[in-house]
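Right, one structure below, let's go through it.
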Amino acid sequence: MVIPFPPGGGSDILGRLLAQRIGEALGQPVVPENRSGAGGNIGTDAVAKAPPDGYTLVTVFNTIVVNQFVYAKLPFDLKRDLLPIAKVALAPTLICGGPKLQARDLREVVEITRRSPGLLNHGTPGLGTITHVSAELMDAMSGGKLTHVHYRGTGPAVTACVSGEVELVSAPLSAVDELVKAGRLRALGNLAGQDSPLMPGVPTVAAAAGLPGYAVDNWGAILAPAGLPEPIRVKLEAAARQAVDTPEGRAALAARGIESSFADGATVARIIEEDGRRWEPVIRKADIRVE
């Protein structure tokens, strides 16, 4: 199970749990391996070029869709070289305010970004990451403008917000939960299109900011090299379902700040298409490019 990001982040947490639980479902060990770099592209490329025999998989989040439009050139084609096995999870993601933020709520944040474009700073874990483009989407829908400050990972971006270096940060629940509970960050909105059972009382961005239709579902999925024989694909999909779509699987994910959300490979392929149509114009308008 290739995890295309460094240890400690949301992808690593999900990938290691999936390796353990899919291994249990298959009755054989599944070894997690971190191959990070280039926004997840290095590890994903390794899987795209691996033999299609079912022994090499990759855990991805929807950053993989965004990367198609952010990076000038990718060494693989997402739709041609990789086969979706299953969607397995949603990573609830919050936009939070730090001690420097004077606005009382997200609606007031939007008003400030309209009245004084660029006045408020928003920390991101990197140029072109899903939390960066999700904030660009909020800008596009609200008519306001945040200044996006890019850090090297979620941890540094969250730290910058807590310290007052930036007023806002978007990050997975797992990265900010304890800080919100301790009162060091304020949860202003949930990026997803629906309320999360893991974040009771936190409104969606659509409701909190008055932006109907805003929704960014940060989904996680398992992919394999294209050309995988159908019997192997079916077996892996069933193992993924067993790993996350059971009371034990849901509890294991929830304990790590992740929601269980199973869908079959065909559904993942449709989600990739839909997300692509949505994100491409946002990224083009914001002129987000990584060479």
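Residues are named by chain letter and number: chains run A, B, ... in the order of the structure tokens, numbers start at 1 in each chain, and ligands are numbered from 1 in the order shown.
Those residues that approach Val65 in chain A to within 7 Å, counting only C-alpha atoms, are Asn62, Thr63, Asn67, Gln68, Ile272, Asp275 and Gly276 of chain A; same-chain residues fewer than 2 positions away are not listed.
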For range 243-257 of chain A, please output as an MDAnalysis selection string all residues within 9 Å (counting only C-alpha atoms; exclusion window: fewer than 5 positions along the same chain). chainID A and resid 10 13:14 17:18 20:25 88:89 91:92 172:175 177 198 238 262
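In this structure, CA of Thr131 in chain A sits 5.8 Å away from CA of Ser170 in chain A.
Going from CA of Gly220 in chain A to CA of Gly98 in chain A covers 27.5 Å.
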Those in range 98-290 of chain A with strand (DSSP E) from DSSP, as an mmCIF file with C-alpha atoms, in the first residue's frame:
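selection20.cif written:
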data_model
loop_
_atom_site.group_PDB
_atom_site.id
_atom_site.type_symbol
_atom_site.label_atom_id
_atom_site.label_comp_id
_atom_site.auth_asym_id
_atom_site.auth_seq_id
_atom_site.Cartn_x
_atom_site.Cartn_y
_atom_site.Cartn_z
ATOM 1 C CA ASN A 121 -4.140 35.859 5.191
ATOM 2 C CA HIS A 122 -5.078 32.208 4.741
ATOM 3 C CA GLY A 123 -2.487 29.504 5.489
ATOM 4 C CA THR A 124 -2.302 26.511 3.163
ATOM 5 C CA THR A 147 -4.113 36.289 0.502
ATOM 6 C CA HIS A 148 -3.000 32.646 0.384
ATOM 7 C CA VAL A 149 0.232 31.956 2.254
ATOM 8 C CA HIS A 150 1.779 28.612 1.358
ATOM 9 C CA LEU A 168 -7.062 31.722 8.815
ATOM 10 C CA VAL A 169 -6.125 28.152 7.993
ATOM 11 C CA SER A 170 -7.920 25.225 6.344
ATOM 12 C CA ALA A 171 -6.940 21.779 7.622
ATOM 13 C CA PRO A 172 -8.299 18.278 8.261
ATOM 14 C CA ARG A 186 -11.992 28.713 16.199
ATOM 15 C CA ALA A 187 -13.817 26.341 13.864
ATOM 16 C CA LEU A 188 -15.636 28.659 11.443
ATOM 17 C CA GLY A 189 -16.952 26.174 8.897
ATOM 18 C CA ASN A 190 -16.874 22.633 7.535
ATOM 19 C CA TRP A 219 -12.537 11.963 -0.191
ATOM 20 C CA GLY A 220 -10.002 9.165 0.070
ATOM 21 C CA ALA A 221 -9.771 6.226 -2.333
ATOM 22 C CA ILE A 222 -7.688 3.221 -3.296
ATOM 23 C CA LEU A 223 -6.276 2.958 -6.824
ATOM 24 C CA ALA A 224 -4.390 0.180 -8.628
ATOM 25 C CA PRO A 225 -2.430 0.034 -11.894
ATOM 26 C CA GLU A 259 -15.449 9.303 8.252
ATOM 27 C CA SER A 260 -16.121 5.954 6.614
ATOM 28 C CA SER A 261 -17.578 6.488 3.127
ATOM 29 C CA PHE A 262 -17.571 3.468 0.836
ATOM 30 C CA ALA A 263 -18.302 3.532 -2.889
ATOM 31 C CA ASP A 264 -17.314 1.094 -5.639
#
Contacts of range 106-109 of chain A at 8 Å or less, counting only C-alpha atoms, minus same-chain residues fewer than 4 places along, as a list of chain:residue names? A:Thr113, A:Leu188, A:Gly189, A:Val205, A:Ala208, A:Ala209, A:Gly210
Selection to disk with C-alpha atoms, as an mmCIF file, in the first residue's frame:
data_model
loop_
_atom_site.group_PDB
_atom_site.id
_atom_site.type_symbol
_atom_site.label_atom_id
_atom_site.label_comp_id
_atom_site.auth_asym_id
_atom_site.auth_seq_id
_atom_site.Cartn_x
_atom_site.Cartn_y
_atom_site.Cartn_z
ATOM 1 C CA THR A 113 -12.553 39.957 1.864
ATOM 2 C CA LEU A 188 -15.636 28.659 11.443
ATOM 3 C CA GLY A 189 -16.952 26.174 8.897
ATOM 4 C CA VAL A 205 -19.132 26.816 4.757
ATOM 5 C CA ALA A 208 -21.803 29.865 7.605
ATOM 6 C CA ALA A 209 -20.631 32.118 4.771
ATOM 7 C CA GLY A 210 -23.925 32.402 2.907
#
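Across A:Val133, A:Leu185, A:Met199, A:Ile232, the tightest approach to Val66 in chain A is made by A:Val133 when counting only C-alpha atoms.
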Selected residue, from A:Leu211, A:Arg289, A:Leu236, A:Gln194, that lies nearest to Lys73 in chain A when counting only C-alpha atoms: A:Arg289
re CA of Ile288 in chain A and CA of Leu127 in chain A: distance 7.4 Å
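Of the residues listed (A:Leu90, A:Ala286, A:Leu74, A:Ala140), A:Leu90 shows the shortest atom-to-atom separation from Ser196 in chain A; distances use only C-alpha atoms.
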What are the DSSP alpha helix (DSSP H) residues of range 78-237 of chain A, as a PyMOL selection string? chain A and resi 78-81+106-115+130-142+154-163+173-181+205-209+230-237
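Minimum distance to Met141 in chain A across A:Tyr214, A:Asp81, A:Ile95, A:Gly118 (counting only C-alpha atoms) occurs at A:Tyr214.
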Would you kindly return, as a PyMOL selection string, each protein, DNA or RNA residue with an atom no farther than 10 Å from any atom of Leu83 in chain A, considering only C-alpha atoms and excluding same-chain residues fewer than 4 positions away? chain A and resi 48+52+57+78-79+222-228+233+265-266+268-269
Using only C-alpha atoms, can you tell me which of A:Val166, A:His132, A:Val58, A:Ala239 comes closest to Val31 in chain A? A:Val58
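Of the residues listed (A:Leu94, A:Met138, A:Val180, A:Val290), A:Leu94 shows the shortest atom-to-atom separation from Thr204 in chain A; distances use only C-alpha atoms.
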